[in-house]
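Notes to accompany the following structure.
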Amino acid sequence: MQTGQDSLEKTVCETTVEIKNADGLHMRPAMQFVDIAGQFECDISVSNNEIIVDGKSIMQMSMLAASCGTKLKIKAEGPDAQEALNALRELVEDKHFDEPTPKEKNNKLF
Amino acid sequence: MKFVDFVCFGAVVPQLKTTDRDGAIAELVTSLDKARKLGRGNREKIIQAVIKREKEASTGIGKGVAVPHAKHPAVKNMVAAVGLNSSGIDFSALDKQPVYSVILLVSPVDEPDKHLQAMETIFKHLQNEKFRKFLRQCQTSEQIEDLLREADENPSL
C-alpha cells in the first residue's frame, strides 16, 4: 500500500510474516532482524496480537516471544519502506533465520 | 510467565567476584549447580555452552544488562540465576558500556516456547528503566528476590 506521489507524504507499507524456524524468534534471530531493519531509513514496527514494538530495538523485539507458526505484522514507514519489508520477509520466511524448520529439526534428530 | 516460575532464588549473587564475562558466567552457573538445579556433573559443560553462545553474539544488549543463555540437553528444567557487579563487567555489549546486571538462563533443548516466554518476561522488565535501576542497586540476595517478586506482581513497578 503506497500513498500518493507527494514527496511530503510518507510511504507506508505493511505485511504479515509467519515464523518458520522451530525455535521461534529467540534472541539470535531477533538480532538478525534488528540488524537488517537498521539498514533502512524507514521506521519499522512489528506487532503480534498483543503488543507493537520497534523493529530496530533488540530488547523490544525479544519481547514478542514469537514461537514457530506465529504471525507477525510488520509496518514500515519511510522512503525505503517497501525494500525493508522485502528484506525482512526474506529473512523470516525464506531463510527462516538460517535455522531449521520443525521438519528439518526432526530429520536431524532421527 | 513470571520471574518466580524460572528464577532460582538460591542462585542470586548480589556482588559477583569477577568483572570478566567468562568469570561471571562461570560464577552464575556454579551457583545454579550449588542450588542443585543442573544435575550432577554438568556444570562445566553448561559453562562452556553459555560461553560458546556468547561468543557468537554478545547478549549484552545495552543499558548495563546482559542475558547470557544456552539450551543444553543436560538441563531438565529451565532455570535462571541473577548476578550483579557494581564495578561493571566487560560483556562486549552492543553499546560498548559495562554490564552491571546479568540474568543467566539455561533451558532444555526441547522446550523452545518456554525459553521464548522466559525471555519475554526478562526483556519486558529490563526495558523498564526503573526496574533496571532498582536491580542494579540491590545489595543483598533478599533485595533481589523481593524486587523480582514485586515486579511479578506489579509489572510497571
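Letters A, B, ... mark the chains of the C-alpha cells in the order given; residue numbers begin at 1 per chain; ligand numbers begin at 1, in order shown.
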
Can you build me a table of chain B residues sitting at most 7 Å from chain A, with the closest atom pair per residue and its distance in Å to one decimal, using only C-alpha atoms, sorted by chain and residue number, as JSON lines?
```
{"residue": "B:Pro112", "atom": "CA", "partner": "A:Asp23", "partner_atom": "CA", "distance": 5.1}
{"residue": "B:Asp113", "atom": "CA", "partner": "A:Ser67", "partner_atom": "CA", "distance": 5.8}
{"residue": "B:Leu116", "atom": "CA", "partner": "A:Ala65", "partner_atom": "CA", "distance": 4.9}
{"residue": "B:Gln117", "atom": "CA", "partner": "A:Ala65", "partner_atom": "CA", "distance": 5.7}
{"residue": "B:Met119", "atom": "CA", "partner": "A:Ser62", "partner_atom": "CA", "distance": 6.7}
{"residue": "B:Glu120", "atom": "CA", "partner": "A:Met63", "partner_atom": "CA", "distance": 4.3}
{"residue": "B:Phe123", "atom": "CA", "partner": "A:Met59", "partner_atom": "CA", "distance": 5.9}
{"residue": "B:Lys124", "atom": "CA", "partner": "A:Met63", "partner_atom": "CA", "distance": 6.0}
{"residue": "B:Gln127", "atom": "CA", "partner": "A:Met59", "partner_atom": "CA", "distance": 6.7}
```

(request) Just the residues within 6 Å of Glu77 of chain A, please, counting only C-alpha atoms, with nothing from its chain fewer than 6 positions along; format it as a ChimeraX atom specification. (result) /A:11-12,42-43

(message) Going by DSSP on the backbone, which residues of chain B come out as strand (DSSP E)? List them as a ChimeraX atom specification.
(response) /B:7-13,60-62,65-66,69-71,79-89,99-107

(message) Set the distance at 10 Å and use only C-alpha atoms: which residues neighbour Ile103 of chain B once local chain neighbours fewer than 6 positions away are removed? I'd like the list as a PyMOL selection string.
(response) chain B and resi 7+12+25+28+65-69+80-84+122+126

Can I get the selection written as a compact mmCIF listing (two decimals), in the first residue's frame, with N, CA and C atoms?
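Listed below is the output, part_20.txt:
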```
# COMPACT_ATOMS: atom_id res chain seq x y z
N VAL B 7 13.27 -18.22 37.97
CA VAL B 7 14.47 -17.74 38.66
C VAL B 7 14.70 -18.58 39.91
N VAL B 12 21.11 -16.29 43.37
CA VAL B 12 21.29 -14.88 43.06
C VAL B 12 22.54 -14.38 43.78
N ILE B 25 29.94 -15.67 34.03
CA ILE B 25 29.12 -16.80 33.57
C ILE B 25 29.40 -18.03 34.44
N LEU B 28 27.85 -17.74 37.93
CA LEU B 28 26.39 -17.92 37.96
C LEU B 28 25.99 -19.37 37.70
N VAL B 65 22.85 -4.18 30.98
CA VAL B 65 22.33 -5.51 31.30
C VAL B 65 22.79 -6.54 30.25
N ALA B 66 22.94 -7.78 30.70
CA ALA B 66 23.26 -8.87 29.78
C ALA B 66 22.43 -10.09 30.14
N VAL B 67 22.11 -10.86 29.13
CA VAL B 67 21.26 -12.04 29.34
C VAL B 67 21.92 -13.26 28.69
N PRO B 68 23.08 -13.70 29.24
CA PRO B 68 23.71 -14.88 28.67
C PRO B 68 22.79 -16.09 28.82
N HIS B 69 22.80 -16.97 27.84
CA HIS B 69 21.90 -18.12 27.93
C HIS B 69 22.38 -19.24 27.01
N ALA B 80 17.00 -19.86 35.89
CA ALA B 80 17.82 -18.67 35.72
C ALA B 80 18.51 -18.29 37.03
N ALA B 81 19.69 -17.68 36.89
CA ALA B 81 20.42 -17.11 38.02
C ALA B 81 20.57 -15.61 37.73
N VAL B 82 20.73 -14.84 38.81
CA VAL B 82 20.88 -13.39 38.65
C VAL B 82 22.15 -12.95 39.38
N GLY B 83 22.97 -12.15 38.73
CA GLY B 83 24.19 -11.66 39.36
C GLY B 83 24.41 -10.18 39.08
N LEU B 84 24.98 -9.49 40.07
CA LEU B 84 25.24 -8.06 39.91
C LEU B 84 26.72 -7.79 40.17
N ILE B 122 11.88 -11.51 30.92
CA ILE B 122 13.13 -10.83 31.25
C ILE B 122 13.22 -9.47 30.54
N LEU B 126 13.43 -5.63 31.86
CA LEU B 126 14.69 -4.92 31.62
C LEU B 126 14.49 -3.66 30.78
```

(message) Using only C-alpha atoms, which protein or nucleic acid residues come within 9 Å of Asn49 of chain A? Drop anything in the same chain fewer than 4 positions from it, and give the result as a count of residues only.
(response) 3

(request) Per DSSP on the backbone, filter chain A down to the residues in helix (DSSP H, G or I) and report them as a ChimeraX atom specification. (result) /A:27-37,58-62,81-94,96-98,102-109

(request) Please provide the set of residues having any atom within 10 Å of Ser87 of chain B, restricted to only C-alpha atoms, with same-chain residues fewer than 6 positions apart removed, written as a PyMOL selection string. (result) chain B and resi 15-16+18-19+98-100

Selected residues written out with N, CA and C atoms, as a short mmCIF file (atom, residue, chain, number, x, y, z; two decimals), in the first residue's frame:
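Saved to again_31.cif:
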```cif
data_model
loop_
_atom_site.label_atom_id
_atom_site.label_comp_id
_atom_site.auth_asym_id
_atom_site.auth_seq_id
_atom_site.Cartn_x
_atom_site.Cartn_y
_atom_site.Cartn_z
N GLN B 15 26.93 -9.59 44.61
CA GLN B 15 28.20 -8.99 44.16
C GLN B 15 29.07 -10.09 43.55
N LEU B 16 29.06 -10.16 42.22
CA LEU B 16 29.90 -11.14 41.54
C LEU B 16 31.36 -10.81 41.82
N THR B 18 33.95 -11.42 40.00
CA THR B 18 34.80 -11.13 38.85
C THR B 18 34.17 -10.05 37.96
N THR B 19 35.01 -9.37 37.21
CA THR B 19 34.48 -8.37 36.27
C THR B 19 34.74 -8.81 34.83
N PRO B 98 29.87 -1.01 30.18
CA PRO B 98 29.92 -2.15 31.11
C PRO B 98 28.54 -2.64 31.52
N VAL B 99 28.51 -3.88 31.97
CA VAL B 99 27.26 -4.52 32.37
C VAL B 99 27.24 -4.65 33.89
N TYR B 100 26.14 -4.23 34.49
CA TYR B 100 26.02 -4.27 35.95
C TYR B 100 25.08 -5.37 36.43
#
```

(request) Determine, counting only C-alpha atoms, which protein, DNA and RNA residues have an atom within 10 Å of an atom of Gly38 of chain A; residues of the same chain fewer than 5 positions away are not included. Present the result as a count of residues only. (result) 8

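Proximity of A:Asp35, A:Val46, A:Phe40, A:Pro100 to Asp80 of chain A, computed with only C-alpha atoms, is greatest for A:Phe40.
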
(message) With distances taken over only C-alpha atoms, which residue among A:Leu88, A:Ala37, A:Ile51, A:Ala30 lies nearest Thr16 of chain A?
(response) A:Leu88
